>>> print(open('target37.txt').read())   # compact mmCIF, C-alpha atoms
# COMPACT_ATOMS: atom_id res chain seq x y z
CA MET A 1 20.63 -22.69 16.70
CA THR A 2 20.30 -22.60 12.93
CA PHE A 3 22.56 -23.05 9.96
CA VAL A 4 23.71 -19.95 8.15
CA GLU A 5 21.28 -19.79 5.26
CA ASP A 6 21.50 -18.17 1.87
CA MET A 7 17.95 -16.88 1.50
CA SER A 8 18.46 -15.90 -2.12
CA ALA A 9 18.39 -19.60 -2.99
CA PHE A 10 14.80 -19.82 -1.75
CA PHE A 11 13.57 -16.79 -3.63
CA GLY A 12 14.94 -17.52 -7.10
CA ASP A 13 13.03 -18.75 -10.10
CA LEU A 14 10.32 -20.53 -8.14
CA ALA A 15 9.31 -17.44 -6.21
CA GLN A 16 6.72 -15.00 -7.47
CA ALA A 17 7.57 -11.47 -8.52
CA ALA A 18 5.67 -8.60 -6.95
CA THR A 19 5.85 -4.84 -6.85
CA LEU A 20 6.22 -3.34 -3.42
CA VAL A 21 5.43 0.26 -2.64
CA VAL A 22 6.45 1.58 0.76
CA GLY A 23 5.79 5.27 1.07
CA THR A 24 7.27 6.80 -2.07
CA SER A 25 9.68 3.92 -2.68
CA THR A 26 8.84 1.30 -5.31
CA SER A 27 10.77 -1.94 -5.66
CA SER A 28 10.51 -5.40 -7.16
CA VAL A 29 10.51 -8.25 -4.69
CA ARG A 30 10.12 -12.01 -4.86
CA GLY A 31 8.18 -14.18 -2.49
CA TYR A 32 5.52 -16.83 -2.05
CA PHE A 33 1.86 -15.94 -2.25
CA ASP A 34 -0.87 -17.95 -0.54
CA THR A 35 -4.56 -17.21 -0.10
CA PRO A 36 -6.30 -20.00 1.80
CA SER A 37 -9.85 -19.67 3.04
CA VAL A 38 -10.33 -19.35 6.77
CA ALA A 39 -13.38 -19.32 9.02
CA ALA A 40 -14.01 -15.93 10.60
CA LEU A 41 -16.43 -14.43 13.10
CA ALA A 42 -16.75 -17.66 15.06
CA GLY A 43 -17.39 -19.71 11.95
CA VAL A 44 -20.13 -17.53 10.52
CA ALA A 45 -18.07 -16.35 7.55
CA MET A 46 -15.54 -17.93 5.20
CA VAL A 47 -12.99 -15.46 3.87
CA ASP A 48 -9.73 -15.44 1.96
CA ASP A 49 -6.59 -14.85 4.01
CA PRO A 50 -3.88 -13.76 1.54
CA SER A 51 -0.26 -13.49 2.58
CA PHE A 52 3.17 -13.12 0.99
CA VAL A 53 6.33 -14.67 2.43
CA LEU A 54 9.59 -12.92 1.68
CA PRO A 55 13.05 -12.45 3.23
CA SER A 56 13.18 -10.24 6.28
CA THR A 57 15.81 -8.14 4.52
CA VAL A 58 12.98 -6.59 2.53
CA ALA A 59 11.76 -3.41 4.19
CA ILE A 60 8.01 -3.88 4.28
CA ARG A 61 5.56 -2.55 6.80
CA ARG A 62 1.90 -2.09 7.57
CA GLY A 63 0.23 0.15 5.01
CA ALA A 64 2.61 -0.78 2.18
CA THR A 65 1.14 -1.86 -1.15
CA LEU A 66 1.94 -5.13 -2.89
CA THR A 67 0.89 -5.86 -6.47
CA ILE A 68 0.86 -9.56 -7.23
CA ASP A 69 -0.40 -10.83 -10.60
CA ALA A 70 -2.05 -7.46 -11.20
CA ASP A 71 -3.98 -7.73 -7.94
CA VAL A 72 -3.29 -4.92 -5.50
CA TYR A 73 -3.09 -5.60 -1.78
CA THR A 74 -2.48 -3.50 1.29
CA VAL A 75 -0.21 -4.91 3.95
CA ARG A 76 -2.20 -5.05 7.20
CA ALA A 77 0.48 -6.72 9.34
CA VAL A 78 3.98 -8.18 9.10
CA GLU A 79 5.11 -11.12 11.20
CA LYS A 80 8.44 -12.86 11.47
CA ILE A 81 8.62 -16.57 10.75
CA ASP A 82 10.78 -19.17 12.47
CA ASP A 83 14.23 -17.70 13.18
CA GLY A 84 13.20 -14.29 11.90
CA ARG A 85 15.03 -14.45 8.60
CA LEU A 86 11.71 -14.82 6.82
CA GLN A 87 8.65 -12.64 7.22
CA ARG A 88 5.02 -12.98 6.23
CA ALA A 89 3.06 -9.95 5.08
CA MET A 90 -0.64 -10.37 5.88
CA LEU A 91 -2.64 -8.79 3.09
CA GLU A 92 -6.05 -7.39 2.36
CA SER A 93 -7.53 -6.32 -0.93
CA ALA A 94 -6.77 -2.70 -1.66
CA MET B 1 -48.71 -27.36 13.86
CA SER B 2 -45.41 -25.84 14.83
CA SER B 3 -44.52 -24.44 18.22
CA ARG B 4 -45.25 -20.80 18.94
CA ALA B 5 -41.48 -20.23 19.16
CA GLU B 6 -41.07 -21.53 15.62
CA GLN B 7 -44.00 -19.44 14.42
CA ILE B 8 -42.40 -16.39 16.02
CA THR B 9 -39.10 -16.98 14.25
CA GLN B 10 -40.92 -17.40 10.96
CA ALA B 11 -42.77 -14.15 11.58
CA ILE B 12 -39.48 -12.34 12.16
CA VAL B 13 -38.04 -13.75 8.93
CA ALA B 14 -41.19 -12.56 7.15
CA ALA B 15 -40.82 -9.11 8.67
CA LEU B 16 -37.24 -8.94 7.40
CA THR B 17 -38.03 -10.11 3.87
CA THR B 18 -41.49 -8.81 2.96
CA PRO B 19 -41.16 -6.27 1.54
CA ALA B 20 -37.46 -6.63 0.88
CA MET B 21 -35.20 -4.45 2.99
CA THR B 22 -33.08 -1.74 1.43
CA SER B 23 -29.84 -2.89 3.03
CA VAL B 24 -30.21 -6.67 2.59
CA PRO B 25 -32.03 -8.48 -0.24
CA ALA B 26 -34.63 -11.02 0.86
CA ALA B 27 -32.55 -13.86 -0.59
CA ARG B 28 -29.79 -13.00 1.86
CA VAL B 29 -31.88 -13.38 4.98
CA PHE B 30 -30.80 -16.78 6.24
CA ARG B 31 -32.44 -18.93 8.86
CA ASP B 32 -30.42 -21.12 11.25
CA VAL B 33 -27.33 -21.20 9.05
CA ASP B 34 -25.14 -24.19 9.84
CA SER B 35 -22.26 -23.49 7.48
CA ALA B 36 -20.10 -20.44 6.87
CA LEU B 37 -21.23 -17.78 4.44
CA SER B 38 -18.85 -16.47 1.79
CA SER B 39 -18.47 -13.06 0.21
CA ASN B 40 -21.15 -13.89 -2.39
CA ASP B 41 -23.66 -13.96 0.45
CA TRP B 42 -22.93 -10.53 1.97
CA PRO B 43 -24.45 -8.32 3.19
CA ALA B 44 -26.66 -10.76 5.01
CA LEU B 45 -28.93 -11.25 7.99
CA LEU B 46 -28.85 -14.43 10.04
CA VAL B 47 -31.91 -15.31 12.07
CA GLU B 48 -31.50 -17.91 14.81
CA THR B 49 -33.95 -19.23 17.34
CA GLY B 50 -32.34 -19.17 20.77
CA ASP B 51 -33.27 -20.51 24.15
CA GLU B 52 -36.66 -20.57 25.77
CA PHE B 53 -36.80 -19.92 29.48
CA ALA B 54 -38.86 -21.97 31.90
CA PRO B 55 -42.50 -20.90 31.54
CA GLN B 56 -44.50 -19.38 34.34
CA THR B 57 -48.15 -19.93 35.07
CA VAL B 58 -49.57 -16.44 35.51
CA VAL B 59 -53.24 -17.35 35.43
CA ILE B 60 -54.84 -20.74 35.66
CA GLY B 61 -54.71 -22.42 32.28
CA ARG B 62 -52.19 -20.06 30.65
CA LYS B 63 -48.41 -20.04 30.61
CA PHE B 64 -46.20 -17.02 30.14
CA ARG B 65 -43.26 -17.87 27.90
CA SER B 66 -40.32 -16.17 26.23
CA VAL B 67 -37.95 -17.17 23.48
CA ASP B 68 -34.74 -15.46 22.40
CA VAL B 69 -34.26 -14.77 18.71
CA GLN B 70 -30.92 -13.51 17.46
CA VAL B 71 -30.66 -11.40 14.31
CA THR B 72 -27.09 -10.92 13.05
CA ALA B 73 -26.17 -8.34 10.44
CA LEU B 74 -23.09 -9.36 8.46
CA ALA B 75 -21.24 -7.05 6.07
CA GLN B 76 -17.92 -6.41 4.39
CA ALA B 77 -16.23 -3.09 3.70
CA GLY B 78 -12.87 -1.40 3.51
CA ALA B 79 -10.59 -0.67 6.41
CA GLY B 80 -12.46 0.72 9.40
CA ALA B 81 -15.83 0.64 7.66
CA ALA B 82 -17.12 -2.91 8.09
CA LEU B 83 -19.02 -2.21 11.31
CA THR B 84 -20.52 0.87 9.70
CA ALA B 85 -21.64 -1.24 6.75
CA ALA B 86 -23.24 -3.79 9.08
CA ASP B 87 -24.87 -1.02 11.07
CA ALA B 88 -27.20 -0.14 8.20
CA ALA B 89 -28.68 -3.64 8.17
CA TYR B 90 -28.75 -3.74 11.98
CA VAL B 91 -30.78 -0.54 12.19
CA GLU B 92 -33.17 -1.48 9.40
CA ALA B 93 -33.74 -4.96 10.84
CA PHE B 94 -34.43 -3.49 14.27
CA GLY B 95 -37.04 -1.21 12.77
CA ARG B 96 -38.71 -4.11 11.01
CA VAL B 97 -38.88 -6.28 14.13
CA MET B 98 -40.12 -3.44 16.34
CA ALA B 99 -42.69 -2.19 13.83
CA ASP B 100 -45.17 -4.76 15.13
CA ARG B 101 -44.25 -5.92 18.60
CA THR B 102 -47.03 -8.51 18.55
CA LEU B 103 -45.54 -10.16 15.45
CA GLY B 104 -48.95 -10.51 13.93
CA GLY B 105 -50.62 -11.51 17.19
CA LEU B 106 -48.14 -14.25 18.11
CA ALA B 107 -46.56 -12.30 20.97
CA PHE B 108 -47.55 -9.63 23.44
CA ASP B 109 -44.17 -7.88 23.44
CA VAL B 110 -40.69 -7.84 21.98
CA LEU B 111 -38.00 -6.92 24.47
CA GLU B 112 -34.50 -5.85 23.55
CA GLY B 113 -31.61 -8.02 24.67
CA GLN B 114 -27.91 -7.39 24.28
CA THR B 115 -26.12 -6.27 21.16
CA ALA B 116 -22.75 -7.83 20.35
CA ARG B 117 -20.31 -6.45 17.80
CA ALA B 118 -17.31 -8.13 16.19
CA SER B 119 -15.05 -7.30 13.28
CA GLU B 120 -12.09 -9.11 11.78
CA ALA B 121 -9.57 -8.41 9.03
CA TYR B 122 -8.33 -10.94 6.52
CA GLY B 123 -8.27 -10.47 2.77
CA GLU B 124 -11.49 -8.58 3.43
CA ARG B 125 -12.76 -6.67 6.45
CA ILE B 126 -15.92 -8.22 7.78
CA ALA B 127 -18.14 -7.36 10.69
CA ALA B 128 -21.14 -8.76 12.50
CA ILE B 129 -23.66 -7.06 14.76
CA ARG B 130 -25.83 -9.51 16.64
CA LYS B 131 -29.01 -8.33 18.33
CA THR B 132 -30.91 -10.53 20.72
CA TYR B 133 -34.67 -10.09 21.00
CA SER B 134 -36.62 -11.63 23.85
CA ILE B 135 -40.07 -12.43 22.54
CA GLN B 136 -42.79 -12.56 25.19
CA TYR B 137 -45.83 -14.72 24.51
CA GLU B 138 -48.32 -16.96 26.17
CA THR B 139 -49.86 -20.29 25.40
CA ALA B 140 -52.40 -22.63 26.86
CA GLU B 141 -50.98 -24.45 29.87
CA THR B 142 -50.72 -27.75 28.03
CA SER B 143 -49.68 -26.49 24.62
CA LEU B 144 -46.54 -25.17 22.96
CA GLU B 145 -48.50 -24.00 19.97
CA GLY B 146 -50.79 -21.29 21.19
>>> encode(input="target37.txt", output="structure tokens")
Amino acid sequence: MTFVEDMSAFFGDLAQAATLVVGTSTSSVRGYFDTPSVAALAGVAMVDDPSFVLPSTVAIRRGATLTIDADVYTVRAVEKIDDGRLQRAMLESA
Amino acid sequence: MSSRAEQITQAIVAALTTPAMTSVPAARVFRDVDSALSSNDWPALLVETGDEFAPQTVVIGRKFRSVDVQVTALAQAGAGAALTAADAAYVEAFGRVMADRTLGGLAFDVLEGQTARASEAYGERIAAIRKTYSIQYETAETSLEG
């Protein structure tokens, strides 16, 4: 069980603005960008693993385009976080 | 003097770097890498000495031996193309190793082992194609060197 949350409070001034393109629809969204390094291919390679956390009310899907700080990414997967009111878009360089 | 297995691995590295390959610069052919490579290092080839099997005495005074050597082609490309990018280095490396199956007289044959492919997507798409070669050679019964 969770409290009723006002997600807009989490995605105000501290969140990062981004431009989301889904199909022919373009919108401005706010979220939290991270790009830690992770070990891949059984430790042979070290790669960046960028992602963008945003409210699940935002319609985003695989294949969408996100522009963050002038860097363009393609959404390769979307996963829900915790109670499902947040989602994480897994990104790759476009 | 180093073991014949070590000499064989060095000979394979030499075959992959001299002259430099088209698909992978000589500086990106790495030997026994013990830490992860980053995008500055790709495309790359990783050469690793594998296991040696128990030797067999085929004639008095000589031992038949084999050592596995793995050569991994590593590359990055856009969606759906990373394995294709690695394939170029895989094919060229195979040609280099098989061009002289005695490895300059160190072995009497190079046998093909398995090929393993893997690809993963993160901020970049990366892929690896690992080829195992079984190098057949012989030494004196009481020597690992030759």
>>> residues_near_point(input="target37.txt", point="(5.4, -4.9, -6.7)", cutoff="9 Å", atoms="only C-alpha atoms", output="number ranges by chain")
A: 17-21, 26-30, 65-68, 72
>>> interface_residues(input="target37.txt", of="chain A", to="chain B", cutoff="8 Å", atoms="all atoms listed in the file", output="ChimeraX atom specification")
/A:39-41,43-50,90-93
>>> residues_around(input="target37.txt", residues="Asp100 (chain B)", least_positions_apart="6", cutoff="9 Å", atoms="only C-alpha atoms", output="list of chain:residue names")
B:Ala15, B:Asp109, B:Val110
>>> atom_distance(input="target37.txt", atom1="CA of Thr74 (chain A)", atom2="CA of Ala116 (chain B)")
28.2 Å
>>> atom_distance(input="target37.txt", atom1="CA of Thr18 (chain B)", atom2="CA of Ala86 (chain B)")
19.9 Å
>>> atom_distance(input="target37.txt", atom1="CA of Thr22 (chain B)", atom2="CA of Glu92 (chain B)")
8.0 Å
>>> axis_aligned_box(input="target37.txt", around="region 116-122 of chain B", padding_each_side="5 Å", output="JSON")
{"center_x": -15.5, "center_y": -8.7, "center_z": 13.4, "size_x": 24.4, "size_y": 14.5, "size_z": 23.8}
>>> closest_atom_pairs(input="target37.txt", of="region 14-105 of chain B", to="region 138-145 of chain B", cutoff="6 Å", atoms="all atoms listed in the file", output="CSV")
residue,atom,partner,partner_atom,distance
B:Gly61,CA,B:Glu141,CA,4.9
B:Arg62,CA,B:Ala140,CA,4.6
B:Lys63,CA,B:Glu141,CA,5.2
B:Phe64,CA,B:Glu138,CA,4.5
B:Arg65,CA,B:Glu138,CA,5.4
>>> closest_residue(input="target37.txt", among="A:Ser8, A:Gln87, A:Thr24, A:Thr35", to="Gly63 (chain A)", atoms="only C-alpha atoms")
A:Thr24
>>> residues_around(input="target37.txt", residues="Glu5 (chain A)", least_positions_apart="3", cutoff="12 Å", atoms="all atoms listed in the file", output="number ranges by chain")
A: 1-2, 8-10, 55, 83-86
>>> write_last_selection(input="target37.txt", atoms="C-alpha atoms", output="compact mmCIF listing (two decimals), in the coordinates of the input")
# COMPACT_ATOMS: atom_id res chain seq x y z
CA MET A 1 20.63 -22.69 16.70
CA THR A 2 20.30 -22.60 12.93
CA SER A 8 18.46 -15.90 -2.12
CA ALA A 9 18.39 -19.60 -2.99
CA PHE A 10 14.80 -19.82 -1.75
CA PRO A 55 13.05 -12.45 3.23
CA ASP A 83 14.23 -17.70 13.18
CA GLY A 84 13.20 -14.29 11.90
CA ARG A 85 15.03 -14.45 8.60
CA LEU A 86 11.71 -14.82 6.82
>>> residues_near_point(input="target37.txt", point="(2.8, -11.7, 4.0)", cutoff="9 Å", atoms="all atoms listed in the file", output="ChimeraX atom specification")
/A:31-34,50-54,75-79,87-91
>>> closest_residue(input="target37.txt", among="B:Phe30, B:Tyr137, B:Phe94, B:Phe108", to="Ser66 (chain B)", atoms="all atoms listed in the file")
B:Tyr137
>>> build_atoms(input="target37.txt", residues="region 46-63 of chain A", atoms="N, CA and C atoms", output="mmCIF file, in the frame of the given file")
data_model
loop_
_atom_site.group_PDB
_atom_site.id
_atom_site.type_symbol
_atom_site.label_atom_id
_atom_site.label_comp_id
_atom_site.auth_asym_id
_atom_site.auth_seq_id
_atom_site.Cartn_x
_atom_site.Cartn_y
_atom_site.Cartn_z
ATOM 1 N N MET A 46 -16.727 -17.329 5.803
ATOM 2 C CA MET A 46 -15.540 -17.930 5.200
ATOM 3 C C MET A 46 -14.905 -16.865 4.318
ATOM 4 N N VAL A 47 -13.652 -16.545 4.607
ATOM 5 C CA VAL A 47 -12.990 -15.460 3.870
ATOM 6 C C VAL A 47 -11.609 -15.902 3.405
ATOM 7 N N ASP A 48 -11.090 -15.205 2.420
ATOM 8 C CA ASP A 48 -9.730 -15.440 1.960
ATOM 9 C C ASP A 48 -8.747 -14.761 2.911
ATOM 10 N N ASP A 49 -7.608 -15.401 3.107
ATOM 11 C CA ASP A 49 -6.590 -14.850 4.010
ATOM 12 C C ASP A 49 -5.253 -14.787 3.264
ATOM 13 N N PRO A 50 -5.097 -13.812 2.358
ATOM 14 C CA PRO A 50 -3.880 -13.760 1.540
ATOM 15 C C PRO A 50 -2.656 -13.315 2.324
ATOM 16 N N SER A 51 -1.519 -13.891 1.946
ATOM 17 C CA SER A 51 -0.260 -13.490 2.580
ATOM 18 C C SER A 51 0.886 -13.694 1.588
ATOM 19 N N PHE A 52 2.001 -13.066 1.878
ATOM 20 C CA PHE A 52 3.170 -13.120 0.990
ATOM 21 C C PHE A 52 4.402 -13.290 1.868
ATOM 22 N N VAL A 53 5.132 -14.380 1.647
ATOM 23 C CA VAL A 53 6.330 -14.670 2.430
ATOM 24 C C VAL A 53 7.552 -14.188 1.665
ATOM 25 N N LEU A 54 8.411 -13.459 2.340
ATOM 26 C CA LEU A 54 9.590 -12.920 1.680
ATOM 27 C C LEU A 54 10.715 -12.785 2.712
ATOM 28 N N PRO A 55 11.944 -12.560 2.266
ATOM 29 C CA PRO A 55 13.050 -12.450 3.230
ATOM 30 C C PRO A 55 12.858 -11.243 4.140
ATOM 31 N N SER A 56 13.346 -11.360 5.338
ATOM 32 C CA SER A 56 13.180 -10.240 6.280
ATOM 33 C C SER A 56 14.091 -9.075 5.942
ATOM 34 N N THR A 57 14.968 -9.261 4.966
ATOM 35 C CA THR A 57 15.810 -8.140 4.520
ATOM 36 C C THR A 57 15.000 -7.116 3.729
ATOM 37 N N VAL A 58 13.830 -7.523 3.266
ATOM 38 C CA VAL A 58 12.980 -6.590 2.530
ATOM 39 C C VAL A 58 12.272 -5.660 3.521
ATOM 40 N N ALA A 59 12.400 -4.385 3.303
ATOM 41 C CA ALA A 59 11.760 -3.410 4.190
ATOM 42 C C ALA A 59 10.289 -3.273 3.798
ATOM 43 N N ILE A 60 9.447 -3.928 4.547
ATOM 44 C CA ILE A 60 8.010 -3.880 4.280
ATOM 45 C C ILE A 60 7.306 -3.625 5.591
ATOM 46 N N ARG A 61 6.239 -2.884 5.545
ATOM 47 C CA ARG A 61 5.560 -2.550 6.800
ATOM 48 C C ARG A 61 4.064 -2.383 6.546
ATOM 49 N N ARG A 62 3.347 -2.303 7.638
ATOM 50 C CA ARG A 62 1.900 -2.090 7.570
ATOM 51 C C ARG A 62 1.591 -0.843 6.744
ATOM 52 N N GLY A 63 0.618 -0.975 5.848
ATOM 53 C CA GLY A 63 0.230 0.150 5.010
ATOM 54 C C GLY A 63 0.907 0.149 3.653
#
